[in-house]
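Q: Supplied structure: model22.cif, mmCIF, C-alpha atoms and all ligand atoms.
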```cif
data_coords
#
loop_
_atom_site.label_atom_id
_atom_site.label_comp_id
_atom_site.auth_asym_id
_atom_site.auth_seq_id
_atom_site.Cartn_x
_atom_site.Cartn_y
_atom_site.Cartn_z
CA MET A 3 -24.58 -30.56 4.85
CA SER A 4 -21.26 -32.06 3.83
CA ALA A 5 -18.33 -31.90 6.25
CA ARG A 6 -16.73 -29.27 4.01
CA SER A 7 -19.90 -27.14 4.03
CA GLU A 8 -20.02 -27.35 7.81
CA GLU A 9 -16.38 -26.34 8.12
CA ILE A 10 -16.81 -23.37 5.79
CA ALA A 11 -20.06 -22.31 7.47
CA ALA A 12 -18.40 -22.32 10.91
CA ASN A 13 -15.36 -20.38 9.67
CA LEU A 14 -17.54 -17.88 7.84
CA ALA A 15 -19.66 -17.30 10.93
CA ALA A 16 -16.51 -16.69 12.98
CA VAL A 17 -15.19 -14.19 10.42
CA ARG A 18 -18.53 -12.39 10.32
CA ARG A 19 -18.43 -12.15 14.12
CA ARG A 20 -14.91 -10.72 13.96
CA ILE A 21 -16.05 -8.12 11.44
CA GLU A 22 -19.04 -7.19 13.60
CA SER A 23 -16.96 -6.75 16.74
CA ALA A 24 -14.36 -4.76 14.85
CA ALA A 25 -17.10 -2.51 13.47
CA ASP A 26 -18.56 -2.18 16.96
CA ALA A 27 -15.20 -1.25 18.45
CA ALA A 28 -14.68 1.36 15.73
CA GLY A 29 -18.20 2.77 16.05
CA ARG A 30 -18.94 1.78 12.45
CA ASP A 31 -22.02 0.24 10.88
CA PRO A 32 -21.17 -3.34 9.79
CA ASP A 33 -23.42 -2.81 6.77
CA GLU A 34 -20.76 -0.44 5.37
CA LEU A 35 -18.36 -3.38 5.17
CA THR A 36 -18.19 -5.85 2.30
CA LEU A 37 -16.60 -9.22 2.93
CA ILE A 38 -14.85 -10.56 -0.14
CA VAL A 39 -13.95 -14.21 0.35
CA VAL A 40 -10.67 -14.92 -1.42
CA THR A 41 -11.10 -18.30 -3.11
CA LYS A 42 -7.78 -18.59 -4.93
CA TYR A 43 -6.39 -22.16 -5.03
CA PHE A 44 -9.71 -23.56 -3.78
CA PRO A 45 -12.04 -25.51 -6.05
CA ALA A 46 -15.20 -24.18 -7.65
CA SER A 47 -17.17 -26.51 -5.37
CA ASP A 48 -16.05 -24.38 -2.39
CA VAL A 49 -17.21 -21.22 -4.15
CA ARG A 50 -20.59 -22.87 -4.66
CA ILE A 51 -20.78 -23.62 -0.93
CA LEU A 52 -19.95 -19.98 -0.18
CA ALA A 53 -22.70 -18.77 -2.50
CA ASP A 54 -25.17 -21.09 -0.72
CA LEU A 55 -24.07 -19.51 2.57
CA GLY A 56 -24.92 -16.06 1.28
CA VAL A 57 -21.49 -14.84 0.12
CA GLY A 58 -21.92 -12.52 -2.85
CA ASP A 59 -18.35 -11.33 -3.38
CA VAL A 60 -15.36 -13.53 -4.15
CA GLY A 61 -11.74 -12.65 -4.88
CA GLU A 62 -9.21 -14.34 -7.14
CA ASN A 63 -5.59 -13.48 -7.88
CA ARG A 64 -4.61 -15.68 -10.81
CA HIS A 65 -6.08 -15.01 -14.21
CA GLN A 66 -6.41 -18.53 -15.62
CA GLU A 67 -7.90 -19.92 -12.45
CA ALA A 68 -10.30 -16.99 -12.09
CA GLN A 69 -11.41 -17.25 -15.71
CA ALA A 70 -12.10 -20.98 -15.42
CA LYS A 71 -13.99 -20.69 -12.13
CA SER A 72 -16.10 -17.73 -13.16
CA ALA A 73 -17.09 -19.60 -16.34
CA GLU A 74 -17.92 -22.78 -14.45
CA LEU A 75 -19.99 -20.83 -11.91
CA ALA A 76 -21.72 -18.48 -14.35
CA ASP A 77 -25.10 -19.69 -13.04
CA LEU A 78 -24.38 -18.08 -9.65
CA ASP A 79 -25.02 -14.45 -8.89
CA LEU A 80 -21.50 -13.60 -7.72
CA ARG A 81 -19.36 -10.51 -8.00
CA TRP A 82 -15.81 -11.44 -9.05
CA HIS A 83 -13.05 -9.26 -7.63
CA TYR A 84 -9.67 -9.59 -9.30
CA ILE A 85 -7.04 -8.83 -6.65
CA GLY A 86 -3.84 -10.22 -8.15
CA GLY A 87 -0.93 -9.02 -10.18
CA LEU A 88 -1.93 -8.12 -13.69
CA GLN A 89 0.05 -8.36 -16.92
CA SER A 90 -0.96 -5.81 -19.52
CA ASN A 91 -1.49 -8.53 -22.16
CA LYS A 92 -4.03 -10.22 -19.83
CA ALA A 93 -5.88 -7.08 -18.77
CA ALA A 94 -8.59 -7.30 -21.43
CA ALA A 95 -9.27 -10.96 -20.62
CA VAL A 96 -9.55 -10.22 -16.89
CA ALA A 97 -11.93 -7.34 -17.58
CA SER A 98 -14.21 -9.66 -19.52
CA TYR A 99 -15.26 -11.64 -16.41
CA ALA A 100 -14.27 -9.46 -13.45
CA ASP A 101 -16.74 -7.07 -11.87
CA ALA A 102 -13.99 -5.18 -10.07
CA VAL A 103 -10.20 -5.05 -10.39
CA HIS A 104 -8.41 -4.05 -7.17
CA SER A 105 -4.88 -4.25 -8.51
CA VAL A 106 -4.64 -1.42 -11.03
CA ASP A 107 -1.15 -0.04 -10.44
CA ARG A 108 -0.02 1.44 -13.75
CA ALA A 109 -1.51 3.28 -16.70
CA LYS A 110 -0.32 0.60 -19.11
CA LEU A 111 -3.18 -1.65 -17.95
CA LEU A 112 -5.96 0.77 -18.76
CA GLY A 113 -6.22 0.21 -22.52
CA GLY A 114 -6.73 -3.51 -22.07
CA LEU A 115 -9.11 -3.14 -19.13
CA SER A 116 -11.18 -0.63 -21.02
CA ARG A 117 -11.36 -2.81 -24.14
CA GLY A 118 -12.22 -5.93 -22.16
CA ALA A 119 -14.94 -4.16 -20.21
CA ALA A 120 -16.59 -2.71 -23.31
CA GLY A 121 -20.35 -2.76 -23.01
CA ARG A 122 -20.16 -2.89 -19.20
CA VAL A 123 -18.64 -0.78 -16.48
CA LEU A 124 -15.65 -2.19 -14.64
CA ASP A 125 -14.97 -0.99 -11.10
CA CYS A 126 -11.28 -0.16 -10.67
CA LEU A 127 -9.20 0.45 -7.58
CA VAL A 128 -5.70 1.83 -7.53
CA GLN A 129 -3.44 -0.56 -5.65
CA VAL A 130 -1.05 1.44 -3.49
CA ASP A 131 2.35 0.20 -2.33
CA LEU A 132 2.77 1.50 1.21
CA GLY A 133 5.99 -0.35 1.89
CA GLY A 134 7.99 2.41 0.23
CA GLY A 135 8.97 0.03 -2.57
CA ALA A 136 10.91 -2.01 0.03
CA ASP A 137 9.36 -5.39 -0.82
CA PRO A 138 10.71 -6.41 -4.21
CA GLY A 139 7.93 -7.84 -6.28
CA ARG A 140 5.25 -6.18 -4.18
CA ALA A 141 2.76 -4.62 -6.55
CA GLY A 142 1.24 -1.20 -6.27
CA ALA A 143 1.63 2.38 -7.36
CA LEU A 144 3.69 4.62 -5.12
CA PRO A 145 1.54 7.05 -3.09
CA GLU A 146 2.83 10.03 -5.08
CA ASP A 147 1.64 8.42 -8.33
CA VAL A 148 -1.90 7.64 -7.14
CA ASP A 149 -3.54 10.90 -8.21
CA ALA A 150 -2.32 10.80 -11.81
CA LEU A 151 -3.32 7.14 -12.24
CA ALA A 152 -6.72 7.76 -10.64
CA ASP A 153 -7.35 10.65 -13.02
CA GLU A 154 -6.54 8.41 -15.99
CA ILE A 155 -8.91 5.70 -14.78
CA ALA A 156 -11.66 8.26 -14.27
CA ARG A 157 -11.19 9.47 -17.86
CA ALA A 158 -11.10 5.99 -19.43
CA ASP A 159 -14.14 4.57 -21.19
CA HIS A 160 -15.94 1.71 -19.42
CA LEU A 161 -13.88 2.08 -16.24
CA ARG A 162 -15.20 3.50 -12.98
CA LEU A 163 -12.73 4.70 -10.37
CA ARG A 164 -13.97 3.16 -7.11
CA GLY A 165 -11.15 3.78 -4.64
CA LEU A 166 -7.90 2.39 -3.31
CA MET A 167 -6.50 -0.99 -2.31
CA THR A 168 -3.45 -2.03 -0.35
CA VAL A 169 -1.77 -5.07 1.14
CA ALA A 170 -0.08 -4.29 4.46
CA PRO A 171 3.72 -4.29 4.14
CA LEU A 172 5.40 -7.50 5.28
CA GLY A 173 7.04 -7.50 8.69
CA ALA A 174 5.57 -4.21 9.89
CA PRO A 175 2.45 -3.44 11.90
CA PRO A 176 -0.46 -2.91 9.47
CA GLN A 177 -2.13 0.02 11.24
CA PRO A 178 0.10 2.85 9.92
CA ALA A 179 -0.28 1.60 6.34
CA PHE A 180 -4.05 1.32 6.65
CA GLU A 181 -4.28 4.81 8.15
CA ARG A 182 -2.17 6.17 5.34
CA LEU A 183 -4.49 4.49 2.84
CA HIS A 184 -7.43 6.15 4.58
CA ARG A 185 -5.82 9.59 4.26
CA LEU A 186 -5.00 8.98 0.60
CA GLY A 187 -8.64 8.01 0.09
CA GLU A 188 -9.86 11.22 1.69
CA ARG A 189 -7.60 13.24 -0.58
CA LEU A 190 -8.75 11.28 -3.63
CA ARG A 191 -12.40 11.97 -2.84
CA GLU A 192 -11.83 15.72 -2.98
CA ARG A 193 -11.60 15.30 -6.75
CA HIS A 194 -13.39 11.97 -7.22
CA PRO A 195 -16.27 11.91 -4.72
CA ASP A 196 -17.48 8.47 -5.83
CA ALA A 197 -14.15 6.79 -5.12
CA THR A 198 -15.37 5.56 -1.74
CA TRP A 199 -13.95 2.03 -1.56
CA LEU A 200 -10.96 1.20 0.62
CA SER A 201 -9.93 -2.41 0.06
CA ALA A 202 -7.70 -3.46 2.95
CA GLY A 203 -7.50 -6.17 5.57
CA MET A 204 -6.99 -9.91 5.23
CA SER A 205 -7.38 -12.88 7.61
CA GLY A 206 -4.66 -11.64 9.96
CA ASP A 207 -5.35 -7.91 10.04
CA LEU A 208 -9.02 -7.29 9.31
CA GLU A 209 -9.60 -5.65 12.71
CA GLU A 210 -6.88 -3.05 12.05
CA ALA A 211 -8.33 -2.41 8.60
CA VAL A 212 -11.85 -1.87 9.94
CA ALA A 213 -10.47 0.51 12.58
CA ALA A 214 -8.75 2.50 9.82
CA GLY A 215 -11.86 2.83 7.66
CA ALA A 216 -11.65 -0.09 5.21
CA THR A 217 -14.85 -0.77 3.29
CA HIS A 218 -13.85 -4.02 1.55
CA LEU A 219 -12.11 -6.86 3.41
CA ARG A 220 -10.35 -9.60 1.45
CA VAL A 221 -10.38 -12.71 3.60
CA GLY A 222 -9.14 -16.10 2.41
CA SER A 223 -7.61 -18.56 4.85
CA ALA A 224 -9.77 -17.63 7.84
CA VAL A 225 -12.79 -18.84 5.85
CA LEU A 226 -11.42 -21.62 3.65
CA GLY A 227 -8.44 -22.89 5.65
CA SER A 228 -4.80 -22.88 4.68
CA ARG A 229 -4.31 -22.85 0.96
CA PRO A 230 -3.51 -26.10 -0.82
CA PRO A 231 -0.04 -26.12 -2.41
CA VAL A 232 0.14 -24.71 -5.93
CA GLN A 233 -0.12 -27.46 -8.54
C1 LIG A 301 -4.56 -14.12 -0.86
C2 LIG A 301 -4.89 -12.69 -0.72
C3 LIG A 301 -5.74 -12.26 0.32
C4 LIG A 301 -6.30 -13.18 1.39
O1 LIG A 301 -5.30 -13.52 2.30
P1 LIG A 301 -5.63 -14.38 3.63
O2 LIG A 301 -4.48 -14.09 4.50
O3 LIG A 301 -5.72 -15.80 3.19
O4 LIG A 301 -6.89 -13.87 4.18
C5 LIG A 301 -6.04 -10.91 0.37
N1 LIG A 301 -5.56 -10.03 -0.55
C6 LIG A 301 -4.76 -10.42 -1.55
C7 LIG A 301 -4.26 -9.39 -2.52
C8 LIG A 301 -4.39 -11.76 -1.67
O5 LIG A 301 -3.59 -12.13 -2.68
#
```
Any chance you could give the structure as structure tokens?
A:
Amino acid sequence: MSARSEEIAANLAAVRRRIESAADAAGRDPDELTLIVVTKYFPASDVRILADLGVGDVGENRHQEAQAKSAELADLDLRWHYIGGLQSNKAAAVASYADAVHSVDRAKLLGGLSRGAAGRVLDCLVQVDLGGGADPGRAGALPEDVDALADEIARADHLRLRGLMTVAPLGAPPQPAFERLHRLGERLRERHPDATWLSAGMSGDLEEAVAAGATHLRVGSAVLGSRPPVQ
């Protein structure tokens, strides 16, 4: 094993232990939880190491980087989760390699996603802004707009409404936001029973997310280390 493989293996084991204890504390089955390792800014060689260590789900937040890595690693059996901001003119391209898009926050994206996914089914999550629009530049649909957007996704060809995603608001405890996401998810499932995913929790707040019912955890730095500076 290379030094990098050993480092990633140790970090991954620690994160898996954190997830198990959080599940234990919440009385949840750890098998209900999917760890998505966020590989943005890290090289394809790290993603290959993760795949060797049994990681099946990876997350990326920049289109060009995600497109290049998914092409380079097409021999691996990985699920690619797109978790970043999305421009409508890039939506079709993202849908051509992503297995799931967590950052659907406006109806304008759906035409492109649907076209790009043609021939397959693309899992879509509505990203919800639970900071009350207080963080400028923070993506996400407002809670009151979630139902209408979810209905449009459910009606669109080649798209499957899977659930909701959020990033905890900056500078506030994450628990209230995650609990709110959970309640929005319950309400969504009254009309869309298959929309069971709740994508919440990152390196710093995965325990709070598990306690609040998250099903998909997006963990980057706790597994791969601090991100290299953007080139
Ligand atoms: C980068 C990123 C993560 C991972 O963050 P870490 O703090 O490194 O675990 C999770 N979700 C989104 C949307 C991200 O952009």
Q: Expressed in Å to a single decimal, how great is the separation between atom CA of A:Ala25 and atom CA of A:Ala213?
A: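 Value for the atom CA of A:Ala25-atom CA of A:Ala213 distance: 7.3 Å.
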Q: Please put the answer as JSON: centre and edge lengths, in Å with one decimal, of a box along x, y and z that encloses all listed atoms of ligand LIG 301 (chain A) plus 3 Å on each side.
A:
```
{"center_x": -5.2, "center_y": -12.6, "center_z": 0.9, "size_x": 9.3, "size_y": 12.4, "size_z": 13.2}
```
Q: If we count only C-alpha atoms and set the cut-off at 7 Å, which residues sit around A:Gly87, ignoring sequence neighbours fewer than 2 positions away in its own chain? Please answer as a list in words.
A: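 Contacts, in chain order: Asn63, Gln89, Ser105 and Ala141 of chain A.
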Q: Mind giving me the straight-line distance from atom CA of A:Glu22 to atom CA of A:Thr217 in Å, one decimal?
A: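 About the pair atom CA of A:Glu22 and atom CA of A:Thr217: they are 12.8 Å apart.
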Q: Enumerate as a PDB file with C-alpha atoms, keeping the file's coordinate frame the residues within 7 Å of ligand LIG 301 (chain A), counting only C-alpha atoms and all ligand atoms.
A:
```pdb
ATOM      1  CA  VAL A  40     -10.670 -14.920  -1.420  1.00  0.00           C
ATOM      2  CA  LYS A  42      -7.780 -18.590  -4.930  1.00  0.00           C
ATOM      3  CA  ASN A  63      -5.590 -13.480  -7.880  1.00  0.00           C
ATOM      4  CA  ILE A  85      -7.040  -8.830  -6.650  1.00  0.00           C
ATOM      5  CA  GLY A  86      -3.840 -10.220  -8.150  1.00  0.00           C
ATOM      6  CA  VAL A 169      -1.770  -5.070   1.140  1.00  0.00           C
ATOM      7  CA  MET A 204      -6.990  -9.910   5.230  1.00  0.00           C
ATOM      8  CA  SER A 205      -7.380 -12.880   7.610  1.00  0.00           C
ATOM      9  CA  GLY A 206      -4.660 -11.640   9.960  1.00  0.00           C
ATOM     10  CA  ARG A 220     -10.350  -9.600   1.450  1.00  0.00           C
ATOM     11  CA  VAL A 221     -10.380 -12.710   3.600  1.00  0.00           C
ATOM     12  CA  GLY A 222      -9.140 -16.100   2.410  1.00  0.00           C
ATOM     13  CA  SER A 223      -7.610 -18.560   4.850  1.00  0.00           C
ATOM     14  CA  ALA A 224      -9.770 -17.630   7.840  1.00  0.00           C
TER      15      ALA A 224
END
```
Q: Select, from A:Ala150, A:Ala53, A:Val60, A:Leu88, the residue with the minimum atom-to-atom distance to A:Leu37, counting only C-alpha atoms.
A: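 For A:Leu37, the nearest of the given residues is A:Val60.
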Q: Nearest residue to A:Asp147 out of A:Gly56, A:Ala109, A:Leu200, A:Arg185, using only C-alpha atoms?
A: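 Looking at the shortest contact to A:Asp147, the residue is A:Ala109.
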Q: Mind pulling up the distance from atom CA of A:Gly61 to atom CA of A:Ala46?
A: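 Taking atom CA of A:Ala46 as the start and atom CA of A:Gly61 as the end point, the length is 12.4 Å.
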Q: So, counting only C-alpha atoms, which residue among A:Ala27, A:Ala202, A:Ile21, A:Ile10 is closest to A:Thr41?
A: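 Smallest separation from A:Thr41 among the options: A:Ile10.
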Q: Would you please work out which residue, of A:Val39, A:Pro175, A:Val130, A:Met167, is nearest to A:Arg18 when using all atoms listed in the file?
A: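 Closest candidate: A:Val39.
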Q: Missing atoms in stretch 85-119 of chain A should be modelled up to N, CA and C atoms and reported as a short mmCIF file (atom, residue, chain, number, x, y, z; two decimals), in the coordinates of the input.
A:
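What landed in result-v6.cif:
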```
data_model
loop_
_atom_site.label_atom_id
_atom_site.label_comp_id
_atom_site.auth_asym_id
_atom_site.auth_seq_id
_atom_site.Cartn_x
_atom_site.Cartn_y
_atom_site.Cartn_z
N ILE A 85 -7.89 -9.51 -7.65
CA ILE A 85 -7.04 -8.83 -6.65
C ILE A 85 -5.56 -9.12 -6.87
N GLY A 86 -5.22 -9.77 -7.96
CA GLY A 86 -3.84 -10.22 -8.15
C GLY A 86 -3.05 -9.37 -9.12
N GLY A 87 -1.80 -9.70 -9.23
CA GLY A 87 -0.93 -9.02 -10.18
C GLY A 87 -1.47 -9.19 -11.59
N LEU A 88 -1.28 -8.16 -12.39
CA LEU A 88 -1.93 -8.12 -13.69
C LEU A 88 -0.87 -7.82 -14.75
N GLN A 89 -0.82 -8.65 -15.79
CA GLN A 89 0.05 -8.36 -16.92
C GLN A 89 -0.77 -7.58 -17.93
N SER A 90 -0.15 -6.64 -18.63
CA SER A 90 -0.96 -5.81 -19.52
C SER A 90 -1.57 -6.64 -20.66
N ASN A 91 -0.89 -7.73 -21.07
CA ASN A 91 -1.49 -8.53 -22.16
C ASN A 91 -2.64 -9.43 -21.69
N LYS A 92 -2.90 -9.45 -20.36
CA LYS A 92 -4.03 -10.22 -19.83
C LYS A 92 -5.16 -9.31 -19.35
N ALA A 93 -4.92 -8.01 -19.39
CA ALA A 93 -5.88 -7.08 -18.77
C ALA A 93 -7.26 -7.17 -19.42
N ALA A 94 -7.29 -7.27 -20.75
CA ALA A 94 -8.59 -7.30 -21.43
C ALA A 94 -9.35 -8.57 -21.05
N ALA A 95 -8.62 -9.68 -20.96
CA ALA A 95 -9.27 -10.96 -20.62
C ALA A 95 -9.84 -10.89 -19.20
N VAL A 96 -9.08 -10.34 -18.27
CA VAL A 96 -9.55 -10.22 -16.89
C VAL A 96 -10.81 -9.35 -16.84
N ALA A 97 -10.78 -8.26 -17.60
CA ALA A 97 -11.93 -7.34 -17.58
C ALA A 97 -13.18 -7.96 -18.16
N SER A 98 -13.03 -9.07 -18.91
CA SER A 98 -14.21 -9.66 -19.52
C SER A 98 -15.04 -10.46 -18.52
N TYR A 99 -14.45 -10.91 -17.42
CA TYR A 99 -15.26 -11.64 -16.41
C TYR A 99 -15.27 -10.96 -15.05
N ALA A 100 -14.31 -10.08 -14.77
CA ALA A 100 -14.27 -9.46 -13.45
C ALA A 100 -15.31 -8.35 -13.34
N ASP A 101 -15.87 -8.20 -12.14
CA ASP A 101 -16.74 -7.07 -11.87
C ASP A 101 -15.94 -5.90 -11.29
N ALA A 102 -14.84 -6.22 -10.63
CA ALA A 102 -13.99 -5.18 -10.07
C ALA A 102 -12.55 -5.66 -10.14
N VAL A 103 -11.63 -4.75 -10.41
CA VAL A 103 -10.20 -5.05 -10.39
C VAL A 103 -9.56 -4.16 -9.33
N HIS A 104 -8.99 -4.80 -8.29
CA HIS A 104 -8.41 -4.05 -7.17
C HIS A 104 -6.95 -3.73 -7.37
N SER A 105 -6.34 -4.28 -8.40
CA SER A 105 -4.88 -4.25 -8.51
C SER A 105 -4.41 -3.41 -9.69
N VAL A 106 -5.08 -2.31 -9.95
CA VAL A 106 -4.64 -1.42 -11.03
C VAL A 106 -3.50 -0.56 -10.48
N ASP A 107 -2.29 -0.77 -11.01
CA ASP A 107 -1.15 -0.04 -10.44
C ASP A 107 -0.31 0.69 -11.48
N ARG A 108 -0.75 0.66 -12.74
CA ARG A 108 -0.02 1.44 -13.75
C ARG A 108 -0.92 1.71 -14.95
N ALA A 109 -0.65 2.81 -15.61
CA ALA A 109 -1.51 3.28 -16.70
C ALA A 109 -1.50 2.31 -17.87
N LYS A 110 -0.44 1.54 -18.00
CA LYS A 110 -0.32 0.60 -19.11
C LYS A 110 -1.45 -0.43 -19.15
N LEU A 111 -2.10 -0.64 -18.01
CA LEU A 111 -3.18 -1.65 -17.95
C LEU A 111 -4.50 -1.12 -18.48
N LEU A 112 -4.63 0.20 -18.57
CA LEU A 112 -5.96 0.77 -18.76
C LEU A 112 -6.55 0.49 -20.13
N GLY A 113 -5.70 0.49 -21.18
CA GLY A 113 -6.22 0.21 -22.52
C GLY A 113 -6.89 -1.15 -22.57
N GLY A 114 -6.21 -2.16 -22.07
CA GLY A 114 -6.73 -3.51 -22.07
C GLY A 114 -7.98 -3.64 -21.20
N LEU A 115 -7.94 -3.06 -20.02
CA LEU A 115 -9.11 -3.14 -19.13
C LEU A 115 -10.32 -2.51 -19.79
N SER A 116 -10.10 -1.36 -20.39
CA SER A 116 -11.18 -0.63 -21.02
C SER A 116 -11.76 -1.42 -22.20
N ARG A 117 -10.90 -2.00 -23.00
CA ARG A 117 -11.36 -2.81 -24.14
C ARG A 117 -12.12 -4.03 -23.66
N GLY A 118 -11.58 -4.71 -22.65
CA GLY A 118 -12.22 -5.93 -22.16
C GLY A 118 -13.55 -5.67 -21.49
N ALA A 119 -13.71 -4.48 -20.93
CA ALA A 119 -14.94 -4.16 -20.21
C ALA A 119 -16.03 -3.63 -21.14
#
```
